[in-house]
file data_14.txt (compact mmCIF, C-alpha atoms and all ligand atoms)
# COMPACT_ATOMS: atom_id res chain seq x y z
CA MET A 1 0.00 0.00 0.00
CA SER A 2 1.28 3.46 -0.78
CA THR A 3 -0.33 6.83 -0.16
CA SER A 4 1.10 10.29 0.20
CA GLU A 5 1.68 9.66 3.89
CA GLY A 6 2.31 5.94 4.35
CA ALA A 7 3.27 2.65 2.75
CA ILE A 8 3.48 -1.04 3.67
CA ALA A 9 6.09 -3.36 2.18
CA VAL A 10 6.88 -7.06 2.49
CA ALA A 11 10.31 -8.66 2.03
CA HIS A 12 11.81 -12.09 2.60
CA PRO A 13 15.17 -13.21 3.96
CA ASN A 14 17.87 -14.44 1.64
CA ILE A 15 20.47 -17.09 2.34
CA ALA A 16 23.89 -16.64 0.76
CA LEU A 17 25.43 -19.47 -1.25
CA VAL A 18 28.61 -17.40 -1.49
CA LYS A 19 28.86 -15.35 1.68
CA TYR A 20 29.37 -11.69 2.44
CA TRP A 21 31.83 -11.59 5.33
CA GLY A 22 33.87 -8.42 5.73
CA LYS A 23 33.40 -4.75 4.90
CA ARG A 24 35.87 -2.40 3.30
CA ASP A 25 33.80 0.64 4.34
CA GLU A 26 31.68 0.52 7.49
CA HIS A 27 29.88 3.80 6.93
CA LEU A 28 28.76 3.06 3.37
CA VAL A 29 28.43 -0.68 4.08
CA LEU A 30 30.66 -1.68 1.19
CA PRO A 31 31.71 -5.34 1.19
CA CYS A 32 35.18 -6.66 0.45
CA ALA A 33 33.84 -9.14 -2.13
CA ASP A 34 30.79 -10.01 -4.23
CA SER A 35 28.24 -12.43 -2.74
CA LEU A 36 25.37 -14.51 -4.15
CA SER A 37 22.15 -15.65 -2.48
CA LEU A 38 18.70 -17.17 -2.85
CA THR A 39 15.74 -15.15 -1.59
CA LEU A 40 13.32 -17.49 0.21
CA ASP A 41 9.52 -17.68 0.23
CA VAL A 42 9.30 -18.15 4.03
CA PHE A 43 9.68 -15.89 7.09
CA PRO A 44 8.54 -12.58 5.54
CA THR A 45 8.89 -9.23 7.27
CA THR A 46 6.07 -6.71 6.85
CA THR A 47 6.87 -3.08 7.57
CA GLU A 48 4.62 -0.05 7.60
CA VAL A 49 6.06 3.47 7.51
CA ARG A 50 3.56 6.20 8.31
CA LEU A 51 4.59 9.84 8.41
CA HIS A 52 3.87 11.64 11.64
CA PRO A 53 4.36 15.36 10.98
CA HIS A 54 3.84 16.44 14.60
CA ALA A 55 6.24 13.98 16.21
CA THR A 56 9.69 15.11 17.27
CA ARG A 57 11.24 11.67 16.81
CA ASP A 58 10.56 8.37 15.04
CA TYR A 59 8.69 5.61 16.84
CA VAL A 60 9.41 1.97 16.06
CA THR A 61 7.40 -1.07 17.05
CA VAL A 62 8.56 -4.64 16.44
CA ASP A 63 5.80 -7.24 16.60
CA GLY A 64 3.61 -4.66 18.34
CA VAL A 65 6.10 -3.73 21.06
CA LEU A 66 7.77 -0.31 21.22
CA ALA A 67 11.44 -0.89 20.45
CA ARG A 68 14.26 0.78 22.37
CA GLY A 69 18.04 0.93 21.98
CA GLU A 70 19.94 -0.22 18.91
CA THR A 71 16.97 -1.12 16.68
CA PRO A 72 15.26 2.32 16.63
CA ARG A 73 18.67 4.01 16.46
CA ARG A 74 19.54 2.10 13.25
CA ILE A 75 16.07 2.70 11.80
CA THR A 76 16.23 6.45 12.47
CA ALA A 77 19.70 6.63 10.90
CA PHE A 78 18.28 4.84 7.86
CA LEU A 79 15.19 7.09 7.67
CA ASP A 80 17.53 10.11 7.85
CA LEU A 81 19.15 8.90 4.62
CA VAL A 82 15.72 8.68 2.97
CA ARG A 83 14.63 12.07 4.33
CA ASP A 84 17.86 13.69 3.14
CA ARG A 85 17.35 12.38 -0.38
CA ALA A 86 13.66 13.28 -0.43
CA GLY A 87 14.23 16.74 1.08
CA ARG A 88 11.71 15.93 3.82
CA THR A 89 11.83 16.32 7.58
CA GLU A 90 8.74 14.58 8.99
CA ARG A 91 9.29 11.88 11.57
CA ALA A 92 7.62 8.49 11.12
CA LEU A 93 5.91 5.61 12.86
CA VAL A 94 7.52 2.37 11.78
CA ALA A 95 5.67 -0.85 12.59
CA THR A 96 7.46 -4.03 11.62
CA ARG A 97 6.37 -7.65 11.98
CA ASN A 98 8.51 -10.73 11.50
CA THR A 99 7.31 -14.27 11.09
CA VAL A 100 10.71 -15.71 11.90
CA PRO A 101 10.53 -17.93 15.00
CA THR A 102 11.97 -16.05 17.93
CA GLY A 103 15.74 -16.12 17.99
CA ALA A 104 15.98 -18.25 14.85
CA GLY A 105 18.73 -15.97 13.57
CA LEU A 106 17.27 -16.04 10.11
CA ALA A 107 18.39 -12.92 8.36
CA SER A 108 15.69 -10.68 9.79
CA SER A 109 17.94 -7.67 9.16
CA ALA A 110 17.97 -8.53 5.43
CA SER A 111 14.19 -8.79 5.11
CA GLY A 112 13.75 -5.95 7.62
CA PHE A 113 15.85 -3.33 5.86
CA ALA A 114 14.63 -4.40 2.42
CA ALA A 115 11.01 -3.90 3.52
CA LEU A 116 11.91 -0.66 5.29
CA ALA A 117 13.74 0.72 2.24
CA LEU A 118 10.76 0.08 -0.01
CA ALA A 119 8.10 1.31 2.44
CA ALA A 120 10.07 4.40 3.50
CA SER A 121 10.99 5.47 -0.03
CA HIS A 122 7.29 5.38 -0.97
CA ALA A 123 6.09 7.02 2.24
CA TYR A 124 8.49 9.92 1.60
CA ASP A 125 7.48 10.07 -2.06
CA LEU A 126 10.86 8.93 -3.31
CA PRO A 127 10.09 5.87 -5.44
CA LEU A 128 13.38 4.36 -6.56
CA GLU A 129 14.24 1.94 -9.33
CA PRO A 130 15.29 -1.48 -7.99
CA ALA A 131 19.09 -1.11 -8.27
CA VAL A 132 18.92 2.24 -6.47
CA LEU A 133 16.63 0.75 -3.83
CA SER A 134 19.13 -2.08 -3.39
CA ARG A 135 21.92 0.45 -2.76
CA LEU A 136 19.72 2.21 -0.24
CA ALA A 137 18.80 -1.04 1.57
CA ARG A 138 22.52 -1.88 1.71
CA ARG A 139 23.08 1.15 3.95
CA GLY A 140 20.73 -0.40 6.53
CA SER A 141 22.24 -3.86 6.43
CA GLY A 142 24.51 -5.27 3.77
CA SER A 143 22.55 -8.42 3.06
CA ALA A 144 19.33 -6.38 2.67
CA ALA A 145 20.65 -5.21 -0.71
CA ARG A 146 19.97 -8.76 -1.94
CA SER A 147 16.44 -9.14 -0.49
CA ILE A 148 15.15 -6.37 -2.79
CA PHE A 149 15.16 -9.06 -5.49
CA GLY A 150 13.66 -12.54 -5.66
CA GLY A 151 15.34 -15.80 -6.61
CA PHE A 152 19.09 -15.97 -7.12
CA VAL A 153 20.76 -12.60 -6.59
CA VAL A 154 24.32 -11.35 -6.88
CA TRP A 155 25.53 -8.36 -4.87
CA HIS A 156 28.41 -6.53 -6.54
CA ALA A 157 31.05 -5.22 -4.18
CA GLY A 158 31.96 -2.55 -6.75
CA ALA A 159 35.51 -1.57 -7.68
CA PRO A 160 37.33 0.08 -4.77
CA ASP A 161 38.72 2.70 -7.16
CA ALA A 162 35.33 3.52 -8.71
CA PRO A 163 34.74 7.31 -8.84
CA ASP A 164 31.75 6.87 -6.48
CA PRO A 165 32.00 3.49 -4.68
CA ASP A 166 28.46 3.87 -3.31
CA LEU A 167 27.06 3.84 -6.86
CA ALA A 168 29.01 0.72 -7.79
CA SER A 169 27.74 -1.59 -5.01
CA TYR A 170 24.24 -2.96 -5.57
CA ALA A 171 22.50 -6.28 -6.07
CA GLU A 172 20.75 -7.64 -9.15
CA PRO A 173 19.02 -10.88 -10.13
CA VAL A 174 21.00 -13.74 -11.62
CA THR A 175 19.02 -14.25 -14.80
CA ASP A 176 20.68 -17.36 -16.22
CA ALA A 177 20.31 -19.77 -13.26
CA ARG A 178 18.92 -23.19 -14.23
CA VAL A 179 18.79 -24.91 -10.83
CA ASP A 180 15.67 -25.68 -8.79
CA LEU A 181 17.14 -25.26 -5.32
CA ALA A 182 15.28 -25.61 -2.02
CA MET A 183 16.58 -24.93 1.48
CA VAL A 184 15.46 -26.92 4.48
CA VAL A 185 15.97 -24.74 7.54
CA VAL A 186 16.81 -26.80 10.64
CA LEU A 187 15.92 -24.73 13.69
CA VAL A 188 18.76 -25.81 15.92
CA GLU A 189 18.55 -23.32 18.74
CA THR A 190 16.88 -20.14 19.79
CA GLY A 191 18.33 -17.33 21.83
CA PRO A 192 20.30 -14.16 21.16
CA LYS A 193 23.52 -14.17 19.17
CA PRO A 194 26.72 -14.15 21.22
CA VAL A 195 28.05 -11.34 19.01
CA SER A 196 26.38 -9.26 16.28
CA SER A 197 27.40 -10.06 12.72
CA ARG A 198 28.54 -6.46 12.35
CA GLU A 199 30.99 -6.76 15.24
CA ALA A 200 31.99 -10.28 14.18
CA MET A 201 32.85 -9.10 10.66
CA ARG A 202 34.84 -6.17 12.03
CA ARG A 203 36.81 -8.47 14.31
CA THR A 204 37.43 -10.98 11.51
CA VAL A 205 38.75 -8.33 9.11
CA ALA A 206 40.97 -6.80 11.80
CA THR A 207 42.41 -9.94 13.40
CA SER A 208 41.89 -13.20 11.49
CA PRO A 209 45.12 -14.38 9.84
CA ARG A 210 42.91 -16.28 7.40
CA PHE A 211 41.01 -13.26 6.14
CA HIS A 212 43.05 -12.67 2.99
CA ASP A 213 42.85 -16.35 2.03
CA TRP A 214 39.09 -16.23 2.65
CA LEU A 215 38.74 -13.30 0.24
CA ALA A 216 40.68 -15.08 -2.48
CA ALA A 217 38.65 -18.27 -1.95
CA THR A 218 35.27 -16.55 -1.94
CA ARG A 219 36.08 -14.64 -5.14
CA GLY A 220 36.85 -17.96 -6.82
CA ASP A 221 33.68 -19.49 -5.37
CA LEU A 222 31.59 -16.69 -6.83
CA GLN A 223 32.81 -17.39 -10.36
CA ALA A 224 32.39 -21.15 -9.92
CA MET A 225 28.90 -20.69 -8.43
CA ARG A 226 27.74 -18.56 -11.37
CA ALA A 227 28.96 -21.24 -13.78
CA ALA A 228 27.29 -24.02 -11.76
CA LEU A 229 23.95 -22.15 -11.65
CA ALA A 230 24.05 -21.41 -15.38
CA GLY A 231 25.04 -25.01 -16.12
CA GLY A 232 22.21 -26.46 -14.01
CA ASP A 233 24.76 -28.35 -11.90
CA LEU A 234 23.06 -28.81 -8.51
CA ALA A 235 25.89 -30.93 -7.09
CA ALA A 236 28.43 -28.20 -7.83
CA VAL A 237 26.12 -25.52 -6.37
CA GLY A 238 25.77 -27.53 -3.15
CA ALA A 239 29.46 -28.37 -2.84
CA ILE A 240 30.62 -24.80 -3.44
CA ALA A 241 28.03 -23.39 -1.01
CA GLU A 242 28.99 -25.82 1.75
CA SER A 243 32.71 -25.26 1.37
CA ASN A 244 32.21 -21.47 1.24
CA ALA A 245 30.18 -21.50 4.48
CA LEU A 246 32.71 -23.72 6.27
CA GLY A 247 35.53 -21.45 5.08
CA MET A 248 33.72 -18.38 6.42
CA HIS A 249 33.22 -20.00 9.83
CA LYS A 250 36.84 -21.18 9.98
CA THR A 251 37.99 -17.65 9.14
CA MET A 252 35.98 -16.07 11.96
CA GLU A 253 36.93 -18.84 14.41
CA ASN A 254 40.52 -17.70 13.87
CA ALA A 255 39.74 -14.10 14.84
CA VAL A 256 40.96 -12.77 18.19
CA PRO A 257 38.95 -13.42 20.26
CA PRO A 258 37.33 -16.18 18.16
CA VAL A 259 33.78 -15.83 16.84
CA ARG A 260 31.89 -19.08 17.19
CA TYR A 261 28.30 -19.30 15.95
CA LEU A 262 28.16 -23.04 15.39
CA THR A 263 27.24 -25.14 18.38
CA ASP A 264 27.53 -28.87 19.08
CA ALA A 265 23.92 -29.17 17.89
CA SER A 266 24.81 -27.45 14.59
CA ARG A 267 27.71 -29.86 14.12
CA LEU A 268 25.42 -32.84 14.69
CA VAL A 269 23.17 -31.58 11.89
CA LEU A 270 26.24 -31.16 9.66
CA ASP A 271 27.18 -34.78 10.39
CA SER A 272 23.65 -35.89 9.49
CA VAL A 273 23.86 -34.04 6.18
CA ARG A 274 27.17 -35.76 5.37
CA ARG A 275 25.70 -39.14 6.25
CA MET A 276 22.64 -38.48 4.09
CA ARG A 277 24.94 -37.56 1.23
CA HIS A 278 26.98 -40.72 1.61
CA ALA A 279 23.73 -42.67 1.59
CA GLY A 280 22.87 -41.13 -1.78
CA THR A 281 20.72 -38.08 -0.98
CA GLN A 282 21.89 -34.87 -2.65
CA ALA A 283 22.09 -32.49 0.32
CA TRP A 284 24.59 -29.84 1.43
CA ALA A 285 24.69 -27.45 4.37
CA THR A 286 25.17 -23.73 4.83
CA MET A 287 25.26 -21.71 8.06
CA ASP A 288 25.20 -17.98 8.77
CA ALA A 289 25.76 -15.85 11.86
CA GLY A 290 23.95 -18.26 14.14
CA PRO A 291 23.65 -21.96 14.97
CA ASN A 292 20.84 -22.86 12.55
CA VAL A 293 21.67 -24.99 9.53
CA LYS A 294 20.08 -24.58 6.10
CA VAL A 295 20.23 -27.70 3.99
CA LEU A 296 20.39 -27.26 0.23
CA CYS A 297 18.70 -29.84 -1.98
CA ALA A 298 16.71 -30.24 -5.18
CA GLY A 299 13.20 -28.80 -5.01
CA ASP A 300 11.71 -32.26 -5.63
CA ASP A 301 13.65 -33.73 -2.67
CA ALA A 302 12.82 -31.01 -0.14
CA GLU A 303 9.96 -32.72 1.73
CA HIS A 304 11.89 -35.97 2.00
CA VAL A 305 15.07 -34.18 3.17
CA ALA A 306 13.04 -32.21 5.72
CA TYR A 307 11.49 -35.42 7.04
CA GLU A 308 14.86 -37.16 7.38
CA LEU A 309 16.45 -34.19 9.11
CA ARG A 310 13.55 -33.95 11.57
CA GLU A 311 13.98 -37.61 12.40
CA LEU A 312 17.78 -37.40 12.70
CA SER A 313 18.03 -34.15 14.63
CA ASP A 314 14.75 -34.07 16.55
CA ARG A 315 14.50 -30.37 15.62
CA PRO A 316 11.80 -28.52 13.68
CA THR A 317 12.40 -27.92 9.99
CA VAL A 318 10.93 -25.41 7.55
CA VAL A 319 11.13 -25.85 3.77
CA GLY A 320 12.12 -22.68 1.94
CA ARG A 321 12.00 -22.27 -1.82
CA SER A 322 12.80 -19.47 -4.23
CA GLY A 323 10.77 -16.44 -3.13
CA PRO A 324 9.88 -12.98 -4.41
CA GLY A 325 11.64 -9.66 -4.08
CA ALA A 326 10.38 -6.83 -1.89
CA THR A 327 6.85 -5.71 -2.80
CA LEU A 328 4.48 -2.98 -1.76
CA ARG A 329 1.35 -4.36 -0.16
CA THR A 330 -1.76 -3.24 -1.91
CA GLY A 331 -5.31 -3.00 -0.68
CA ALA A 332 -4.39 -2.54 3.00
C1 LIG A 401 25.51 -13.22 4.25
N1 LIG A 401 25.71 -12.71 6.67
O1 LIG A 401 26.10 -13.16 3.15
C2 LIG A 401 26.38 -13.20 5.50
C3 LIG A 401 26.81 -14.58 5.84
C4 LIG A 401 25.78 -13.64 7.76
C5 LIG A 401 26.69 -14.72 7.33
O2 LIG A 401 25.17 -10.78 5.75
O3 LIG A 401 26.71 -5.45 9.22
O4 LIG A 401 23.17 -8.30 8.83
O5 LIG A 401 24.27 -5.17 8.71
O6 LIG A 401 25.94 -5.39 6.85
O7 LIG A 401 24.03 -8.17 6.45
C6 LIG A 401 24.70 -10.92 8.02
O8 LIG A 401 25.17 -9.66 8.16
O9 LIG A 401 25.46 -7.34 8.36
C7 LIG A 401 25.21 -11.47 6.74
P1 LIG A 401 25.60 -5.78 8.28
P2 LIG A 401 24.32 -8.32 7.89
O10 LIG A 401 24.27 -13.34 4.32
call {"tool": "encode", "arguments": {"input": "data_14.txt", "output": "structure tokens"}}
result
Amino acid sequence: MSTSEGAIAVAHPNIALVKYWGKRDEHLVLPCADSLSLTLDVFPTTTEVRLHPHATRDYVTVDGVLARGETPRRITAFLDLVRDRAGRTERALVATRNTVPTGAGLASSASGFAALALAASHAYDLPLEPAVLSRLARRGSGSAARSIFGGFVVWHAGAPDAPDPDLASYAEPVTDARVDLAMVVVLVETGPKPVSSREAMRRTVATSPRFHDWLAATRGDLQAMRAALAGGDLAAVGAIAESNALGMHKTMENAVPPVRYLTDASRLVLDSVRRMRHAGTQAWATMDAGPNVKVLCAGDDAEHVAYELRELSDRPTVVGRSGPGATLRTGA
């Protein structure tokens, strides 16, 4: 929905097959390397931005509860970017709802800032074309740049020596992918993250002796992943994604002090995935800044893989498939 004074937008999380881990510019949220993801059709975030001309500050509710601290601070900083560009000054009421199970650590900042970017740009009468919206969402949270688009998406880091590096770093759909990929999310644990991904990335860049090797490896993975998607090679997609995720975790585990998101329970799921693979099921794992494991498989195998993982891990599973980009909600 979009009127002169408010808009509602919906966006979904994305899971990276080739990860973003490390910024070269914190203020502009510019990554060190390109990344590539699949936007899912589960766990949407719905965000309403309504202008409030008489308010002296922004108000933010998350799932109906007034938010305090870091969340409203980041949202106000983001709205300031939109207001600057639109030449507007009104404060706003921002109401956001997630359907992610509490503490699932499932990229709610990606869906959250993608939905906020779309709703806020319309509320402030600043409709933006998708690549520009992606650059804007990036300023809220890097991975949000990718959730502007559906399906497979590549986020360009942009050349460090570009005349305006901000202009060069945006996401766009991968149009030649020929793989039907599903992701079975295994909800390993709930609870807050030990360290935010922002701080964890900062620490990894500054202290991990593996960081430069990680960058070289992930750049190679990106090229190989694009070829595997275009070639319809599911086994290569799965193998590259799993090795990229393990490499990212190893890199941050070598930071000082180490960043450890994977728990014993995560490692048990990883073992189950390996055993399933040895038994002939095409399945590979990826993990982000939290203990949950997402298991990649063919779309046709997803229900069977979800069933097996539920039996093996005794944890809930959710099947995610290729989902849409951020959309305005109409008729609200
Ligand atoms: C990714 N992650 O590519 C990587 C892999 C988590 C692991 O992007 O600091 O919330 O707001 O730009 O995007 C999570 O970090 O971090 C993330 P900021 P973001 O999906």
call {"tool": "closest_residue", "arguments": {"input": "data_14.txt", "among": "A:Gly69, A:Lys23, A:Pro160, A:Val10", "to": "Asn98 (chain A)", "atoms": "only C-alpha atoms"}}
result
A:Val10
call {"tool": "closest_residue", "arguments": {"input": "data_14.txt", "among": "A:Asn254, A:Asn292, A:Thr45, A:Ser121", "to": "ligand LIG 401 (chain A)", "atoms": "all atoms listed in the file"}}
result
A:Asn292
call {"tool": "residues_near_ligand", "arguments": {"input": "data_14.txt", "ligand": "ligand LIG 401 (chain A)", "cutoff": "7 Å", "atoms": "only C-alpha atoms and all ligand atoms", "output": "JSON, numbers by chain"}}
result
{"A": [15, 16, 18, 19, 20, 21, 29, 35, 107, 109, 110, 140, 141, 142, 143, 144, 197, 198, 288, 289]}
call {"tool": "atom_distance", "arguments": {"input": "data_14.txt", "atom1": "CA of Leu38 (chain A)", "atom2": "CA of Val269 (chain A)"}}
result
21.1 Å
call {"tool": "closest_atom_pairs", "arguments": {"input": "data_14.txt", "of": "region 17-129 of chain A", "to": "region 145-159 of chain A", "cutoff": "7 Å", "atoms": "all atoms listed in the file", "output": "JSON lines"}}
result
{"residue": "A:Leu30", "atom": "CA", "partner": "A:Ala157", "partner_atom": "CA", "distance": 6.4}
{"residue": "A:Pro31", "atom": "CA", "partner": "A:Ala157", "partner_atom": "CA", "distance": 5.4}
{"residue": "A:Cys32", "atom": "CA", "partner": "A:Ala157", "partner_atom": "CA", "distance": 6.4}
{"residue": "A:Ala33", "atom": "CA", "partner": "A:Ala157", "partner_atom": "CA", "distance": 5.2}
{"residue": "A:Asp34", "atom": "CA", "partner": "A:Ala157", "partner_atom": "CA", "distance": 4.8}
{"residue": "A:Ser35", "atom": "CA", "partner": "A:Trp155", "partner_atom": "CA", "distance": 5.3}
{"residue": "A:Leu36", "atom": "CA", "partner": "A:Val154", "partner_atom": "CA", "distance": 4.3}
{"residue": "A:Ser37", "atom": "CA", "partner": "A:Val153", "partner_atom": "CA", "distance": 5.3}
{"residue": "A:Leu38", "atom": "CA", "partner": "A:Phe152", "partner_atom": "CA", "distance": 4.5}
{"residue": "A:Thr39", "atom": "CA", "partner": "A:Gly151", "partner_atom": "CA", "distance": 5.1}
{"residue": "A:Ala110", "atom": "CA", "partner": "A:Ser147", "partner_atom": "CA", "distance": 6.1}
{"residue": "A:Ser111", "atom": "CA", "partner": "A:Ser147", "partner_atom": "CA", "distance": 6.0}
{"residue": "A:Ala114", "atom": "CA", "partner": "A:Ile148", "partner_atom": "CA", "distance": 5.6}
call {"tool": "write_last_selection", "arguments": {"input": "data_14.txt", "atoms": "C-alpha atoms", "output": "mmCIF file, in the frame of the given file"}}
result
data_model
loop_
_atom_site.group_PDB
_atom_site.id
_atom_site.type_symbol
_atom_site.label_atom_id
_atom_site.label_comp_id
_atom_site.auth_asym_id
_atom_site.auth_seq_id
_atom_site.Cartn_x
_atom_site.Cartn_y
_atom_site.Cartn_z
ATOM 1 C CA LEU A 30 30.660 -1.680 1.190
ATOM 2 C CA PRO A 31 31.710 -5.340 1.190
ATOM 3 C CA CYS A 32 35.180 -6.660 0.450
ATOM 4 C CA ALA A 33 33.840 -9.140 -2.130
ATOM 5 C CA ASP A 34 30.790 -10.010 -4.230
ATOM 6 C CA SER A 35 28.240 -12.430 -2.740
ATOM 7 C CA LEU A 36 25.370 -14.510 -4.150
ATOM 8 C CA SER A 37 22.150 -15.650 -2.480
ATOM 9 C CA LEU A 38 18.700 -17.170 -2.850
ATOM 10 C CA THR A 39 15.740 -15.150 -1.590
ATOM 11 C CA ALA A 110 17.970 -8.530 5.430
ATOM 12 C CA SER A 111 14.190 -8.790 5.110
ATOM 13 C CA ALA A 114 14.630 -4.400 2.420
#
call {"tool": "atom_distance", "arguments": {"input": "data_14.txt", "atom1": "CA of Leu229 (chain A)", "atom2": "CA of Val132 (chain A)"}}
result
25.4 Å
call {"tool": "closest_residue", "arguments": {"input": "data_14.txt", "among": "A:Val205, A:Ala67, A:Ala227, A:Cys297", "to": "Gly22 (chain A)", "atoms": "all atoms listed in the file"}}
result
A:Val205
call {"tool": "closest_residue", "arguments": {"input": "data_14.txt", "among": "A:Leu17, A:Leu28, A:Asp58, A:Leu81", "to": "Pro165 (chain A)", "atoms": "only C-alpha atoms"}}
result
A:Leu28
call {"tool": "closest_residue", "arguments": {"input": "data_14.txt", "among": "A:Ala206, A:Ala177, A:Val319, A:Ala200", "to": "Val259 (chain A)", "atoms": "all atoms listed in the file"}}
result
A:Ala200
